[in-house]
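A.B. asks: Next comes input-v2.cif, mmCIF, C-alpha atoms:
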data_data
loop_
_atom_site.label_atom_id
_atom_site.label_comp_id
_atom_site.auth_asym_id
_atom_site.auth_seq_id
_atom_site.Cartn_x
_atom_site.Cartn_y
_atom_site.Cartn_z
CA MET A 1 -20.86 18.32 -4.95
CA PRO A 2 -17.51 18.82 -3.16
CA SER A 3 -14.27 17.27 -4.29
CA GLY A 4 -12.52 15.72 -1.32
CA ALA A 5 -9.21 14.21 -0.45
CA THR A 6 -8.04 10.90 -1.75
CA TYR A 7 -6.63 7.45 -1.17
CA GLU A 8 -3.58 7.93 1.05
CA PRO A 9 -1.05 5.33 2.22
CA ILE A 10 -0.79 5.24 6.02
CA ALA A 11 1.75 2.48 6.56
CA THR A 12 3.41 -0.48 4.86
CA GLN A 13 5.15 -3.46 6.36
CA THR A 14 7.32 -5.83 4.35
CA LEU A 15 8.80 -8.78 6.21
CA VAL A 16 12.52 -9.35 5.78
CA SER A 17 12.32 -12.57 7.81
CA SER A 18 9.49 -14.86 8.84
CA SER A 19 7.16 -13.71 11.60
CA SER A 20 4.10 -14.88 13.52
CA LEU A 21 2.75 -11.39 14.08
CA ILE A 22 2.31 -8.22 12.01
CA THR A 23 1.09 -5.15 13.88
CA PHE A 24 -0.11 -1.74 12.76
CA SER A 25 -0.62 0.56 15.73
CA ASN A 26 -1.48 4.21 16.29
CA ILE A 27 -3.74 4.25 13.25
CA PRO A 28 -4.77 7.87 12.71
CA GLN A 29 -8.46 8.61 13.27
CA THR A 30 -8.67 11.22 10.54
CA TYR A 31 -10.08 9.08 7.72
CA THR A 32 -13.51 7.68 6.90
CA ASP A 33 -12.59 4.17 5.80
CA LEU A 34 -9.47 2.04 5.64
CA VAL A 35 -8.32 -0.12 2.75
CA ILE A 36 -5.79 -2.87 3.38
CA VAL A 37 -3.98 -4.64 0.57
CA GLY A 38 -1.79 -7.62 1.26
CA THR A 39 0.29 -10.22 -0.44
CA MET A 40 0.92 -12.74 2.29
CA PHE A 41 3.05 -15.86 1.98
CA PRO A 42 3.34 -18.81 4.35
CA VAL A 43 6.69 -20.31 5.30
CA SER A 44 5.48 -23.64 3.96
CA GLY A 45 2.69 -24.69 1.62
CA GLY A 46 -0.78 -25.91 2.24
CA SER A 47 -3.97 -24.09 3.06
CA ASN A 48 -2.92 -21.55 5.66
CA ASN A 49 -5.37 -19.28 7.44
CA CYS A 50 -4.74 -16.23 9.55
CA PHE A 51 -6.68 -13.83 11.70
CA MET A 52 -6.98 -10.09 11.46
CA ARG A 53 -7.83 -8.58 14.85
CA PHE A 54 -8.65 -5.08 16.01
CA ASN A 55 -7.36 -3.35 19.15
CA SER A 56 -5.81 -6.67 20.33
CA ASP A 57 -9.28 -8.14 20.92
CA SER A 58 -9.02 -11.94 20.75
CA ASN A 59 -12.42 -12.62 22.29
CA THR A 60 -15.30 -14.12 20.33
CA ASN A 61 -16.52 -10.82 18.90
CA TYR A 62 -15.98 -11.58 15.20
CA SER A 63 -18.14 -13.20 12.54
CA GLY A 64 -18.31 -13.50 8.78
CA THR A 65 -20.42 -14.41 5.77
CA TYR A 66 -18.50 -15.83 2.82
CA TYR A 67 -18.84 -16.74 -0.85
CA PHE A 68 -16.35 -19.33 -1.99
CA ALA A 69 -15.36 -20.27 -5.51
CA ASP A 70 -13.31 -23.44 -5.50
CA PRO A 71 -12.90 -24.82 -9.03
CA GLY A 72 -11.38 -28.05 -7.75
CA GLY A 73 -13.92 -28.59 -5.00
CA SER A 74 -17.34 -30.11 -4.73
CA PRO A 75 -19.45 -28.06 -4.87
CA THR A 76 -17.41 -25.55 -6.83
CA SER A 77 -19.14 -22.57 -5.21
CA TYR A 78 -20.97 -22.21 -1.94
CA PRO A 79 -21.90 -19.77 0.84
CA TYR A 80 -20.54 -20.15 4.32
CA ARG A 81 -20.80 -18.24 7.55
CA ASN A 82 -19.53 -18.43 11.11
CA SER A 83 -20.33 -16.70 14.39
CA ASN A 84 -18.42 -15.82 17.54
CA GLN A 85 -14.93 -16.15 16.12
CA THR A 86 -11.74 -14.92 17.77
CA GLY A 87 -10.67 -12.98 14.69
CA LEU A 88 -11.57 -12.23 11.09
CA GLY A 89 -10.36 -15.15 9.02
CA THR A 90 -8.58 -14.96 5.72
CA SER A 91 -6.27 -17.20 3.74
CA TYR A 92 -2.60 -16.65 3.06
CA GLY A 93 -2.69 -19.77 0.99
CA ASN A 94 0.19 -21.43 -0.66
CA SER A 95 3.88 -20.71 -1.03
CA GLN A 96 3.97 -22.16 -4.54
CA ALA A 97 5.61 -19.70 -6.93
CA GLY A 98 3.13 -18.26 -9.38
CA ARG A 99 0.19 -18.86 -7.06
CA GLU A 100 0.89 -16.23 -4.43
CA PRO A 101 -2.29 -15.16 -2.63
CA TRP A 102 -3.72 -11.66 -2.73
CA TRP A 103 -6.00 -10.01 -0.26
CA HIS A 104 -7.97 -6.74 -0.35
CA THR A 105 -10.09 -5.41 2.50
CA ASN A 106 -12.26 -2.34 3.12
CA ILE A 107 -12.94 -1.45 6.75
CA LEU A 108 -15.91 0.89 6.82
CA ASN A 109 -16.38 3.69 9.35
CA TYR A 110 -13.47 2.43 11.43
CA SER A 111 -13.50 5.39 13.80
CA ASN A 112 -17.28 5.61 14.24
CA THR A 113 -18.15 4.84 17.88
CA ASN A 114 -21.87 4.36 17.14
CA MET A 115 -21.52 1.35 14.83
CA TYR A 116 -20.13 -2.14 14.94
CA LYS A 117 -17.34 -2.37 12.37
CA THR A 118 -18.02 -4.01 9.02
CA VAL A 119 -15.43 -5.29 6.61
CA ILE A 120 -15.52 -6.28 2.93
CA VAL A 121 -12.89 -8.84 1.94
CA LYS A 122 -11.71 -10.24 -1.38
CA ASN A 123 -9.13 -12.95 -1.13
CA GLY A 124 -7.74 -15.63 -3.42
CA TRP A 125 -4.82 -17.36 -5.01
CA ALA A 126 -4.31 -17.63 -8.75
CA ASP A 127 -6.19 -20.47 -10.43
CA THR A 128 -6.90 -22.24 -7.16
CA TRP A 129 -9.54 -20.48 -5.11
CA PHE A 130 -11.11 -17.18 -4.21
CA MET A 131 -13.63 -15.81 -1.76
CA MET A 132 -15.50 -12.66 -0.93
CA ALA A 133 -16.80 -11.95 2.54
CA GLY A 134 -18.72 -9.53 4.67
CA GLN A 135 -17.22 -9.60 8.14
CA LEU A 136 -18.15 -8.01 11.44
CA TRP A 137 -16.38 -6.94 14.63
CA ARG A 138 -18.98 -6.44 17.33
CA SER A 139 -17.47 -3.40 18.96
CA THR A 140 -18.22 0.29 18.85
CA SER A 141 -14.61 1.17 19.70
CA ALA A 142 -12.62 3.10 17.17
CA ILE A 143 -9.99 0.91 15.53
CA THR A 144 -6.52 2.03 16.56
CA THR A 145 -4.52 -1.19 16.16
CA ILE A 146 -4.69 -3.98 13.56
CA THR A 147 -2.80 -7.25 13.91
CA PHE A 148 -2.34 -10.26 11.67
CA SER A 149 -1.37 -13.67 13.05
CA PRO A 150 -1.58 -17.25 11.78
CA ALA A 151 -4.41 -19.39 13.13
CA SER A 152 -3.49 -22.18 15.52
CA GLY A 153 -1.20 -24.72 13.89
CA GLN A 154 -0.54 -22.64 10.78
CA THR A 155 2.90 -21.63 9.60
CA ASP A 156 4.39 -18.16 10.05
CA PHE A 157 4.25 -15.42 7.47
CA ALA A 158 7.29 -15.71 5.22
CA ALA A 159 9.81 -13.05 4.24
CA GLY A 160 8.38 -10.98 1.39
CA THR A 161 4.93 -10.76 2.96
CA LYS A 162 3.73 -7.21 2.41
CA ILE A 163 0.72 -5.38 3.85
CA THR A 164 -0.24 -1.76 3.20
CA ILE A 165 -2.95 0.27 4.91
CA TYR A 166 -4.56 3.19 3.08
CA GLY A 167 -6.87 5.83 4.50
CA ILE A 168 -9.86 7.18 2.58
CA ALA A 169 -10.34 10.72 3.75
CA ALA A 170 -13.70 12.36 4.27
CA ALA A 171 -14.75 15.22 2.04
CA MET B 1 1.11 11.79 -9.84
CA ALA B 2 -2.50 12.61 -10.58
CA ASN B 3 -5.13 12.26 -7.90
CA THR B 4 -7.05 9.30 -9.35
CA PHE B 5 -9.30 8.21 -6.48
CA VAL B 6 -11.39 11.01 -5.03
CA LEU B 7 -14.23 11.08 -2.54
CA LEU B 8 -16.96 13.04 -4.33
CA ALA B 9 -19.53 13.07 -1.55
CA SER B 10 -20.56 11.23 1.58
CA VAL B 11 -24.02 11.13 3.17
CA GLU B 12 -24.56 10.09 6.79
CA VAL B 13 -28.17 9.85 7.91
CA GLY B 14 -29.09 11.88 10.96
CA ALA B 15 -31.51 11.25 13.80
CA GLY B 16 -34.44 12.19 11.58
CA LYS B 17 -33.90 9.13 9.29
CA ALA B 18 -34.03 9.26 5.48
CA SER B 19 -36.33 7.49 3.01
CA THR B 20 -33.91 8.21 0.16
CA ILE B 21 -30.20 8.81 -0.06
CA SER B 22 -29.23 10.63 -3.21
CA PHE B 23 -26.15 11.91 -4.98
CA THR B 24 -26.90 14.59 -7.55
CA SER B 25 -24.84 16.74 -9.90
CA ILE B 26 -22.20 14.04 -10.14
CA PRO B 27 -19.20 15.54 -11.98
CA GLN B 28 -18.58 14.06 -15.43
CA THR B 29 -14.80 14.23 -15.19
CA TYR B 30 -14.00 10.72 -13.94
CA THR B 31 -13.86 7.33 -15.64
CA ASP B 32 -15.61 5.10 -13.10
CA LEU B 33 -17.59 5.47 -9.87
CA LEU B 34 -17.36 3.47 -6.65
CA LEU B 35 -20.30 3.54 -4.23
CA VAL B 36 -19.64 2.21 -0.71
CA MET B 37 -22.56 1.89 1.72
CA SER B 38 -23.31 0.91 5.34
CA LEU B 39 -27.09 0.88 5.69
CA ARG B 40 -29.79 -0.14 8.12
CA ASP B 41 -33.51 0.62 7.95
CA ASP B 42 -36.37 0.79 10.44
CA ARG B 43 -38.33 -2.25 9.22
CA SER B 44 -39.65 -3.90 12.38
CA ASP B 45 -40.36 -7.45 11.22
CA ALA B 46 -37.23 -8.61 9.36
CA PRO B 47 -33.43 -8.65 9.64
CA VAL B 48 -32.74 -7.74 6.02
CA THR B 49 -34.26 -5.72 3.17
CA ASP B 50 -33.22 -4.83 -0.37
CA SER B 51 -32.15 -1.38 -1.35
CA ARG B 52 -33.25 -0.21 -4.78
CA ILE B 53 -30.50 1.75 -6.49
CA SER B 54 -31.15 3.66 -9.69
CA PHE B 55 -29.57 6.23 -11.98
CA ASN B 56 -30.84 9.69 -12.95
CA ALA B 57 -34.28 9.08 -11.36
CA THR B 58 -35.80 7.08 -8.57
CA TYR B 59 -36.53 3.47 -9.44
CA GLY B 60 -38.96 2.65 -12.22
CA GLY B 61 -39.19 1.39 -15.78
CA THR B 62 -37.56 -1.76 -17.11
CA SER B 63 -34.08 -0.70 -18.19
CA TYR B 64 -31.99 -2.65 -15.65
CA ARG B 65 -30.71 -6.13 -16.44
CA LEU B 66 -29.49 -8.23 -13.54
CA ALA B 67 -27.70 -11.49 -12.84
CA SER B 68 -27.61 -12.30 -9.13
CA ALA B 69 -26.17 -14.90 -6.78
CA ILE B 70 -27.70 -14.84 -3.32
CA GLY B 71 -26.34 -16.56 -0.25
CA ASN B 72 -28.27 -17.15 2.96
CA ASN B 73 -26.40 -18.48 5.97
CA ASN B 74 -24.79 -21.85 5.08
CA ASN B 75 -27.59 -22.95 2.77
CA ASN B 76 -26.35 -24.62 -0.40
CA PRO B 77 -26.51 -23.98 -3.23
CA LEU B 78 -26.35 -20.27 -3.87
CA SER B 79 -29.63 -18.96 -5.25
CA VAL B 80 -28.97 -17.73 -8.79
CA SER B 81 -31.38 -15.63 -10.83
CA SER B 82 -31.58 -13.19 -13.74
CA ASN B 83 -33.98 -10.42 -14.75
CA SER B 84 -33.89 -8.68 -18.12
CA GLY B 85 -36.24 -5.80 -17.39
CA PHE B 86 -36.08 -4.58 -13.84
CA SER B 87 -36.72 -1.19 -12.25
CA SER B 88 -33.37 -0.82 -10.44
CA PHE B 89 -30.42 -2.83 -9.31
CA THR B 90 -30.26 -3.96 -5.71
CA ALA B 91 -28.20 -4.43 -2.57
CA TYR B 92 -29.02 -6.01 0.76
CA HIS B 93 -29.00 -3.96 3.95
CA ASN B 94 -29.71 -4.68 7.62
CA SER B 95 -33.18 -4.10 9.04
CA GLY B 96 -34.70 -3.66 12.48
CA THR B 97 -34.50 -7.21 13.86
CA SER B 98 -30.85 -7.60 12.90
CA THR B 99 -28.30 -7.49 15.73
CA SER B 100 -28.11 -4.01 17.24
CA ASN B 101 -25.52 -1.62 15.84
CA THR B 102 -24.98 -3.71 12.69
CA PHE B 103 -25.09 -2.08 9.28
CA SER B 104 -24.64 -3.59 5.84
CA THR B 105 -21.45 -3.74 3.81
CA ASN B 106 -22.01 -2.84 0.16
CA GLU B 107 -19.60 -2.00 -2.60
CA ILE B 108 -20.76 -1.10 -6.11
CA TYR B 109 -18.36 -0.40 -8.97
CA ILE B 110 -19.85 1.46 -11.94
CA ALA B 111 -17.70 1.45 -15.07
CA ASN B 112 -17.63 4.18 -17.74
CA TYR B 113 -20.50 6.13 -16.23
CA THR B 114 -20.33 8.94 -18.79
CA SER B 115 -20.37 6.59 -21.79
CA SER B 116 -23.15 6.78 -24.38
CA ASN B 117 -23.30 3.00 -24.28
CA SER B 118 -25.24 1.12 -21.63
CA LYS B 119 -23.60 1.16 -18.18
CA SER B 120 -22.21 -1.92 -16.47
CA LEU B 121 -21.70 -2.41 -12.78
CA ILE B 122 -20.99 -5.04 -10.17
CA SER B 123 -22.59 -4.98 -6.74
CA TRP B 124 -21.32 -6.99 -3.79
CA GLY B 125 -22.37 -6.91 -0.17
CA GLY B 126 -24.20 -8.43 2.71
CA THR B 127 -25.72 -8.15 6.13
CA GLU B 128 -23.37 -10.03 8.44
CA ASN B 129 -24.69 -9.74 12.01
CA ASN B 130 -23.36 -12.75 13.92
CA SER B 131 -26.54 -14.77 13.40
CA ALA B 132 -28.12 -16.97 10.76
CA ASP B 133 -30.35 -14.11 9.65
CA ASN B 134 -27.99 -12.80 7.03
CA TYR B 135 -27.86 -12.55 3.28
CA THR B 136 -25.16 -11.86 0.74
CA LEU B 137 -25.56 -10.70 -2.82
CA LEU B 138 -23.20 -10.69 -5.77
CA GLN B 139 -24.87 -8.98 -8.71
CA SER B 140 -23.77 -8.07 -12.19
CA ALA B 141 -26.02 -5.42 -13.69
CA ASN B 142 -26.46 -3.26 -16.72
CA TRP B 143 -28.40 -0.03 -17.13
CA ASN B 144 -29.61 -0.04 -20.72
CA ASN B 145 -29.56 3.71 -21.23
CA SER B 146 -27.27 5.96 -23.27
CA ALA B 147 -27.43 8.93 -20.87
CA ALA B 148 -24.45 9.77 -18.70
CA ILE B 149 -25.06 9.06 -15.02
CA ASN B 150 -25.47 12.35 -13.20
CA SER B 151 -27.40 11.21 -10.13
CA ILE B 152 -27.86 8.10 -7.99
CA TYR B 153 -30.88 7.31 -5.78
CA ILE B 154 -30.93 4.72 -2.99
CA THR B 155 -34.20 3.70 -1.31
CA PRO B 156 -35.45 0.79 0.83
CA TRP B 157 -37.51 -1.75 -1.12
CA PHE B 158 -40.80 -1.07 0.64
CA ASN B 159 -42.59 2.25 0.81
CA GLY B 160 -42.65 3.73 4.28
CA LEU B 161 -39.23 2.43 5.34
CA SER B 162 -36.37 4.77 6.13
CA TYR B 163 -32.65 4.41 6.66
CA ILE B 164 -31.82 5.04 10.30
CA GLN B 165 -29.21 7.24 11.93
CA TYR B 166 -25.56 6.49 11.09
CA SER B 167 -26.45 4.82 7.81
CA LYS B 168 -23.87 6.05 5.37
CA ALA B 169 -23.12 6.11 1.65
CA SER B 170 -19.95 7.43 0.03
CA LEU B 171 -19.36 8.02 -3.68
CA TYR B 172 -15.87 8.00 -5.15
CA GLY B 173 -14.66 9.07 -8.57
CA ILE B 174 -11.88 7.09 -10.22
CA LYS B 175 -9.80 8.33 -13.14
CA ASP B 176 -7.89 6.14 -15.54
CA SER B 177 -5.15 8.70 -16.02
#
Written as structure tokens, that's how I'd like the structure from this file.
C.D. replies:
Amino acid sequence: MPSGATYEPIATQTLVSSSSLITFSNIPQTYTDLVIVGTMFPVSGGSNNCFMRFNSDSNTNYSGTYYFADPGGSPTSYPYRNSNQTGLGTSYGNSQAGREPWWHTNILNYSNTNMYKTVIVKNGWADTWFMMAGQLWRSTSAITTITFSPASGQTDFAAGTKITIYGIAAA
Amino acid sequence: MANTFVLLASVEVGAGKASTISFTSIPQTYTDLLLVMSLRDDRSDAPVTDSRISFNATYGGTSYRLASAIGNNNNNPLSVSSNSGFSSFTAYHNSGTSTSNTFSTNEIYIANYTSSNSKSLISWGGTENNSADNYTLLQSANWNNSAAINSIYITPWFNGLSYIQYSKASLYGIKDS
């Protein structure tokens, strides 16, 4: 069994001022999978949602299947899914200190032009809420650009928001 | 800094399909294992099928203990079940009537795989395909066996099924130091 390369950082962006768009472009095509880790803050509180999009595609080519755990909700856990979305949804939650949201995503086979792209997401904030999701981008294009932007009516990403992309190299 | 996250092996199924995906001779020099899979089989009458995943032999016996939460579309509540003597642990993957070009997303974290205690793992994944014909599974499992894990076998639930071309499984080794 061969021993291959490892988990390599490709790029990091840390906002020094608020922004409505975070872009990673020219993603190298030399890895097998991508891992994205983010700590994203909204300018103001509330339940803020954003979209991750690939190759600037904002058409209805995205969908997702979710598990939610919401200790304060009713019910406290439930499945949810949506079709034909304009991006892959995730939460960047609440600006309340001590409840900053975290977000971890695996993008599988991102450069494979024979497969639609599948994504595994884990997302939550402190004692408030978390979710896991399987998401889909219905495109066989290799992913070269990834953008993050607030959904309609949501506040911008605040200074301190940080997103890092890692590449998992093939053996 | 030490290289603590290493791709040990990756299997991509070719045009000839594969009834089993296996990882053998797994090195015993890591702390944990991470198995990441994108799978689809050739079942012609369903959008989703279970994979059986087992250690050191193809599935069989009663040494796997499972606690599972299963989601299907927007149907509440989650289906929750347990089994104290099963023949493998499981993961959902896409089958033939699922949307074209869609493959499953599965992530399985296996802790302390060389331990002489029983082995614990968590399996998460689903078959998102932009339709209601999808399932998700969150499963906590335990392999009640003192042997170190030196091989992993992945097979579709039903005999005669095969994983189709581009199905892929990757095994990573993770060190704690």
A.B. asks: Quick one: everything within 7 Å of stretch 65-82 of chain B, counting all atoms listed in the file, minus sequence neighbours fewer than 5 positions away in the same chain. Send it as number ranges by chain.
C.D. replies: A: 78-81; B: 89, 132-143
A.B. asks: Taking all atoms listed in the file into account, which residues of chain A are within 9 Å of chain B, as a PyMOL selection string?
C.D. replies: chain A and resi 1-7+61-67+75+77-84+108-109+112+114-120+132-136+138-140+168-171
A.B. asks: Can you work out the spacing between atom CA of A:Val37 and atom CA of B:Ser51 in Å, to one decimal?
C.D. replies: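 That distance, rounded to one decimal, is 28.4 Å.
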A.B. asks: Using the chain letters and numbers from the file, which residues does the PyMOL selection byres ((chain A and resi 92) around 9) grab, as a list of chain:residue names?
C.D. replies: A:Thr39, A:Met40, A:Phe41, A:Pro42, A:Ser47, A:Asn48, A:Asn49, A:Cys50, A:Thr90, A:Ser91, A:Gly93, A:Asn94, A:Ser95, A:Glu100, A:Pro101, A:Trp102, A:Trp103, A:Asn123, A:Gly124, A:Trp125, A:Pro150, A:Phe157
A.B. asks: Can you work out the spacing between atom CA of B:Thr31 and atom CA of B:Ile174 in Å, to one decimal?
C.D. replies: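 That distance, rounded to one decimal, is 5.8 Å.
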A.B. asks: Would you write out, as JSON, numbers by chain, every residue that the PyMOL selection byres ((chain A and resi 71) around 12) captures in this file?
C.D. replies: {"A": [68, 69, 70, 72, 73, 74, 75, 76, 77, 78, 124, 125, 126, 127, 128, 129, 130, 131]}
A.B. asks: Give me a file of those residues, with C-alpha atoms, as a PDB file, in the coordinates of the input.
C.D. replies:
ATOM      1  CA  PHE A  68     -16.350 -19.330  -1.990  1.00  0.00           C
ATOM      2  CA  ALA A  69     -15.360 -20.270  -5.510  1.00  0.00           C
ATOM      3  CA  ASP A  70     -13.310 -23.440  -5.500  1.00  0.00           C
ATOM      4  CA  GLY A  72     -11.380 -28.050  -7.750  1.00  0.00           C
ATOM      5  CA  GLY A  73     -13.920 -28.590  -5.000  1.00  0.00           C
ATOM      6  CA  SER A  74     -17.340 -30.110  -4.730  1.00  0.00           C
ATOM      7  CA  PRO A  75     -19.450 -28.060  -4.870  1.00  0.00           C
ATOM      8  CA  THR A  76     -17.410 -25.550  -6.830  1.00  0.00           C
ATOM      9  CA  SER A  77     -19.140 -22.570  -5.210  1.00  0.00           C
ATOM     10  CA  TYR A  78     -20.970 -22.210  -1.940  1.00  0.00           C
ATOM     11  CA  GLY A 124      -7.740 -15.630  -3.420  1.00  0.00           C
ATOM     12  CA  TRP A 125      -4.820 -17.360  -5.010  1.00  0.00           C
ATOM     13  CA  ALA A 126      -4.310 -17.630  -8.750  1.00  0.00           C
ATOM     14  CA  ASP A 127      -6.190 -20.470 -10.430  1.00  0.00           C
ATOM     15  CA  THR A 128      -6.900 -22.240  -7.160  1.00  0.00           C
ATOM     16  CA  TRP A 129      -9.540 -20.480  -5.110  1.00  0.00           C
ATOM     17  CA  PHE A 130     -11.110 -17.180  -4.210  1.00  0.00           C
ATOM     18  CA  MET A 131     -13.630 -15.810  -1.760  1.00  0.00           C
TER      19      MET A 131
END
A.B. asks: If the PyMOL selection byres ((chain A and resi 9) around 12) is run on the structure shown, which residues does it catch, given as a list in words?
C.D. replies: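 Applied to this file, the PyMOL selection byres ((chain A and resi 9) around 12) returns Thr6, Tyr7, Glu8, Ile10, Ala11, Thr12, Gln13, Ile27, Pro28, Tyr31, Leu34, Val35, Ile36, Val37, Ile163, Thr164, Ile165, Tyr166, Gly167, Ile168 and Ala169 of chain A.
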A.B. asks: Kindly give the distance, in Å, that separates atom CA of A:Phe24 and atom CA of A:Asn106, rounded to a single decimal.
C.D. replies: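 That distance, rounded to one decimal, is 15.5 Å.
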A.B. asks: Contacts of B:Lys17 at 6 Å or less, counting all atoms listed in the file, minus same-chain residues fewer than 4 places along, as number ranges by chain?
C.D. replies: B: 13, 162-165
A.B. asks: Report as a list in words all protein, DNA and RNA residues lying within 7 Å of A:Phe148, evaluated on only C-alpha atoms, omitting residues in the same chain fewer than 5 positions from it.
C.D. replies: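 Listed by chain and then number, they are Leu21, Ile22, Thr23, Cys50, Phe51, Met52 and Arg53 of chain A.
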A.B. asks: Put those residues in a file: C-alpha atoms, as an mmCIF file, in the coordinates of the input.
C.D. replies:
data_model
loop_
_atom_site.group_PDB
_atom_site.id
_atom_site.type_symbol
_atom_site.label_atom_id
_atom_site.label_comp_id
_atom_site.auth_asym_id
_atom_site.auth_seq_id
_atom_site.Cartn_x
_atom_site.Cartn_y
_atom_site.Cartn_z
ATOM 1 C CA LEU A 21 2.750 -11.390 14.080
ATOM 2 C CA ILE A 22 2.310 -8.220 12.010
ATOM 3 C CA THR A 23 1.090 -5.150 13.880
ATOM 4 C CA CYS A 50 -4.740 -16.230 9.550
ATOM 5 C CA PHE A 51 -6.680 -13.830 11.700
ATOM 6 C CA MET A 52 -6.980 -10.090 11.460
ATOM 7 C CA ARG A 53 -7.830 -8.580 14.850
#
A.B. asks: Given the choices B:Ile154, B:Asn112, B:Ile122, B:Pro47, which gets closest to B:Gln28 if the distance is worked out from all atoms listed in the file?
C.D. replies: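 Answer, going by the shortest atom-to-atom distance: B:Asn112.
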A.B. asks: Residues near B:Ala111, anyone? I mean within 7 Å using all atoms listed in the file, not counting same-chain ones fewer than 6 positions away, as a PyMOL selection string.
C.D. replies: chain B and resi 32-33+119-121
